[in-house]
Amino acid sequence: MKLQVAIDLLSTADALALLHKVADHVDIIELGTPLIKQQGLSVVTNVKAAYPDKLVFADMKTMDAGELEAELAFKAGADIMTVLASAADSTIAGAVKAGKAHGKHVVADMIGVADKTTRLKELKALGVSWVELHAGLDEQAQAGYSIESLLEAGRNADVAFSVAGGINTERIGAVEAAGATIAVAGAAIYAAKDPAEAAKTLRARIEKHG
Ligand SMILES: O=C(CO)[C@H](O)[C@H](O)COP(=O)(O)O
């Protein structure tokens, strides 16, 4: 299983400072939606220039104009961009079309999708590279939040999937056991006292499980 760091900071300088500490321990660098909204797509270009050998993931959360927004992300240097799974099929198909044209990946973010089983089948047919089973920051803040419903959807999925939603050292083993190909960790790394140590520990948990 690969490790993806989600950077939900608000400046390119802070993102680069974090990456200086953690990049060696992660496979995929995600530039979060608030970061892209604050800095524009230049943050994608700057991070890709600094880390050309890493996969750079632009969390666009595109809801409309799929082909156009995917084009913008890929032209800025992204290797992977996200479209919302709840968008119209034509939006997702447009993003996938741009992904194919650029030889890059489009990921469908399942945030807020109630009927996960049905949508996962449809997304597979639409040709996304993988789906992200995701509980967003607001959902995580609700009392009684559990990652279990994401893992359950993953166990029953017939499509490659990543998981995002408060992954930390306690939860990452269960994410891997559910069959995820990528674990996405945001706050567990960027908000840690020692982000390098946090990323290293998450990586070690993955390697321990094989
Ligand atoms: O996309 C996001 C929020 O919409 C986050 O980047 C994602 O949830 C991962 O961060 P965390 O591990 O803190 O949940």
# chains A, B, ... in the order shown; residues from 1 in each chain; ligands from 1
>>> residues_near_ligand(ligand="ligand 1", cutoff="8 Å", atoms="only C-alpha atoms and all ligand atoms", output="MDAnalysis selection string")
chainID A and resid 5:8 30:33 59 111 134:137 140 164:168 184:189
>>> write_last_selection(atoms="C-alpha atoms", output="PDB file, in the first residue's frame")
ATOM      1  CA  VAL A   5       0.334  12.965   2.362  1.00  0.00           C
ATOM      2  CA  ALA A   6      -2.559  15.437   2.084  1.00  0.00           C
ATOM      3  CA  ILE A   7      -1.328  18.976   2.630  1.00  0.00           C
ATOM      4  CA  ASP A   8      -4.170  21.074   4.022  1.00  0.00           C
ATOM      5  CA  GLU A  30      -1.544  15.786  -2.322  1.00  0.00           C
ATOM      6  CA  LEU A  31      -2.133  19.506  -2.533  1.00  0.00           C
ATOM      7  CA  GLY A  32      -5.386  20.048  -0.648  1.00  0.00           C
ATOM      8  CA  THR A  33      -8.414  21.887  -1.984  1.00  0.00           C
ATOM      9  CA  ASP A  59      -7.331  17.745  -4.955  1.00  0.00           C
ATOM     10  CA  ILE A 111     -17.181  12.328  -0.232  1.00  0.00           C
ATOM     11  CA  HIS A 134     -13.447   9.695   1.878  1.00  0.00           C
ATOM     12  CA  ALA A 135     -14.928  11.205   5.005  1.00  0.00           C
ATOM     13  CA  GLY A 136     -14.156  14.920   4.906  1.00  0.00           C
ATOM     14  CA  LEU A 137     -12.963  17.097   7.754  1.00  0.00           C
ATOM     15  CA  GLN A 140     -14.811  13.609  10.920  1.00  0.00           C
ATOM     16  CA  ALA A 164      -9.020   9.263   3.455  1.00  0.00           C
ATOM     17  CA  GLY A 165     -10.667  10.353   6.662  1.00  0.00           C
ATOM     18  CA  GLY A 166      -8.488  10.864   9.685  1.00  0.00           C
ATOM     19  CA  ILE A 167      -6.018   8.078   9.012  1.00  0.00           C
ATOM     20  CA  ASN A 168      -3.435   7.815  11.776  1.00  0.00           C
ATOM     21  CA  VAL A 184      -4.178   9.216   2.576  1.00  0.00           C
ATOM     22  CA  ALA A 185      -3.002  10.977   5.730  1.00  0.00           C
ATOM     23  CA  GLY A 186      -3.399  14.689   6.258  1.00  0.00           C
ATOM     24  CA  ALA A 187      -3.571  16.058   9.803  1.00  0.00           C
ATOM     25  CA  ALA A 188      -1.768  13.009  11.212  1.00  0.00           C
ATOM     26  CA  ILE A 189       1.308  14.283   9.348  1.00  0.00           C
TER      27      ILE A 189
END
>>> residues_around(residues="stretch 125-131 of chain A", least_positions_apart="3", cutoff="7 Å", atoms="only C-alpha atoms", output="list in words")
Ala93, Val96, His105, Val106, Val107, Ala108, Asp109, Met110, Lys121, Glu122, Val159, Ala160, Phe161 and Ser162 of chain A
>>> write_last_selection(atoms="C-alpha atoms", output="PDB file, in the first residue's frame")
ATOM      1  CA  ALA A  93     -16.271  11.352 -18.364  1.00  0.00           C
ATOM      2  CA  VAL A  96     -11.300  11.013 -17.711  1.00  0.00           C
ATOM      3  CA  HIS A 105      -4.911   9.866 -13.558  1.00  0.00           C
ATOM      4  CA  VAL A 106      -8.403  10.960 -12.583  1.00  0.00           C
ATOM      5  CA  VAL A 107      -9.643   9.888  -9.146  1.00  0.00           C
ATOM      6  CA  ALA A 108     -13.294  10.038  -8.088  1.00  0.00           C
ATOM      7  CA  ASP A 109     -13.732  11.379  -4.549  1.00  0.00           C
ATOM      8  CA  MET A 110     -16.657   9.621  -2.865  1.00  0.00           C
ATOM      9  CA  LYS A 121     -19.946   0.298 -10.073  1.00  0.00           C
ATOM     10  CA  GLU A 122     -20.808   3.326 -12.207  1.00  0.00           C
ATOM     11  CA  VAL A 159     -12.462  -1.163  -8.154  1.00  0.00           C
ATOM     12  CA  ALA A 160      -9.099   0.056  -6.847  1.00  0.00           C
ATOM     13  CA  PHE A 161      -9.528   2.454  -3.929  1.00  0.00           C
ATOM     14  CA  SER A 162      -7.740   4.776  -1.552  1.00  0.00           C
TER      15      SER A 162
END
>>> closest_residue(among="A:Ile36, A:Ala157, A:Ala76, A:Val175", to="A:Leu9", atoms="only C-alpha atoms")
A:Ile36
>>> select_by_dssp(residues="stretch 13-160 of chain A", states="strand (DSSP E or B)", output="list in words")
Ile28, Ile29, Glu30, Leu31, Leu55, Val56, Phe57, Ala58, Asp59, Met60, Lys61, Thr62, Ile80, Met81, Thr82, Val83, Leu84, His105, Val106, Val107, Ala108, Asp109, Trp130, Val131, Glu132, Leu133 and His134 of chain A
>>> residues_around(residues="A:Glu67", least_positions_apart="3", cutoff="6 Å", atoms="only C-alpha atoms", output="list in words")
Ala70, Gly94, Ala95 and Ala98 of chain A
>>> write_last_selection(atoms="N, CA and C atoms", output="PDB file, in the first residue's frame")
ATOM      1  N   ALA A  70      -9.798  19.388 -15.362  1.00  0.00           N
ATOM      2  CA  ALA A  70      -8.724  18.379 -15.388  1.00  0.00           C
ATOM      3  C   ALA A  70      -7.577  18.885 -16.261  1.00  0.00           C
ATOM      4  N   GLY A  94     -15.701  13.672 -18.830  1.00  0.00           N
ATOM      5  CA  GLY A  94     -14.871  14.749 -19.375  1.00  0.00           C
ATOM      6  C   GLY A  94     -13.493  14.777 -18.731  1.00  0.00           C
ATOM      7  N   ALA A  95     -13.467  14.613 -17.410  1.00  0.00           N
ATOM      8  CA  ALA A  95     -12.172  14.595 -16.705  1.00  0.00           C
ATOM      9  C   ALA A  95     -11.348  13.386 -17.153  1.00  0.00           C
ATOM     10  N   ALA A  98      -9.700  14.002 -20.455  1.00  0.00           N
ATOM     11  CA  ALA A  98      -8.489  14.822 -20.323  1.00  0.00           C
ATOM     12  C   ALA A  98      -7.344  13.999 -19.740  1.00  0.00           C
TER      13      ALA A  98
END
>>> closest_residue(among="A:Ser42, A:Thr12, A:Gln4, A:Thr181", to="A:Asp27", atoms="only C-alpha atoms")
A:Gln4
>>> atom_distance(atom1="atom CA of A:Glu71", atom2="atom CA of A:Ser90")
15.2 Å
>>> atom_distance(atom1="atom CA of A:Thr118", atom2="atom CA of A:Ser86")
11.6 Å
>>> select_by_dssp(residues="stretch 32-209 of chain A", states="alpha helix (DSSP H)", output="PyMOL selection string")
chain A and resi 33-39+42-50+66-76+89-102+116-126+137-140+148-155+172-177+187-190+195-209
>>> atom_distance(atom1="atom CA of A:Lys97", atom2="atom CA of A:Met81")
12.5 Å
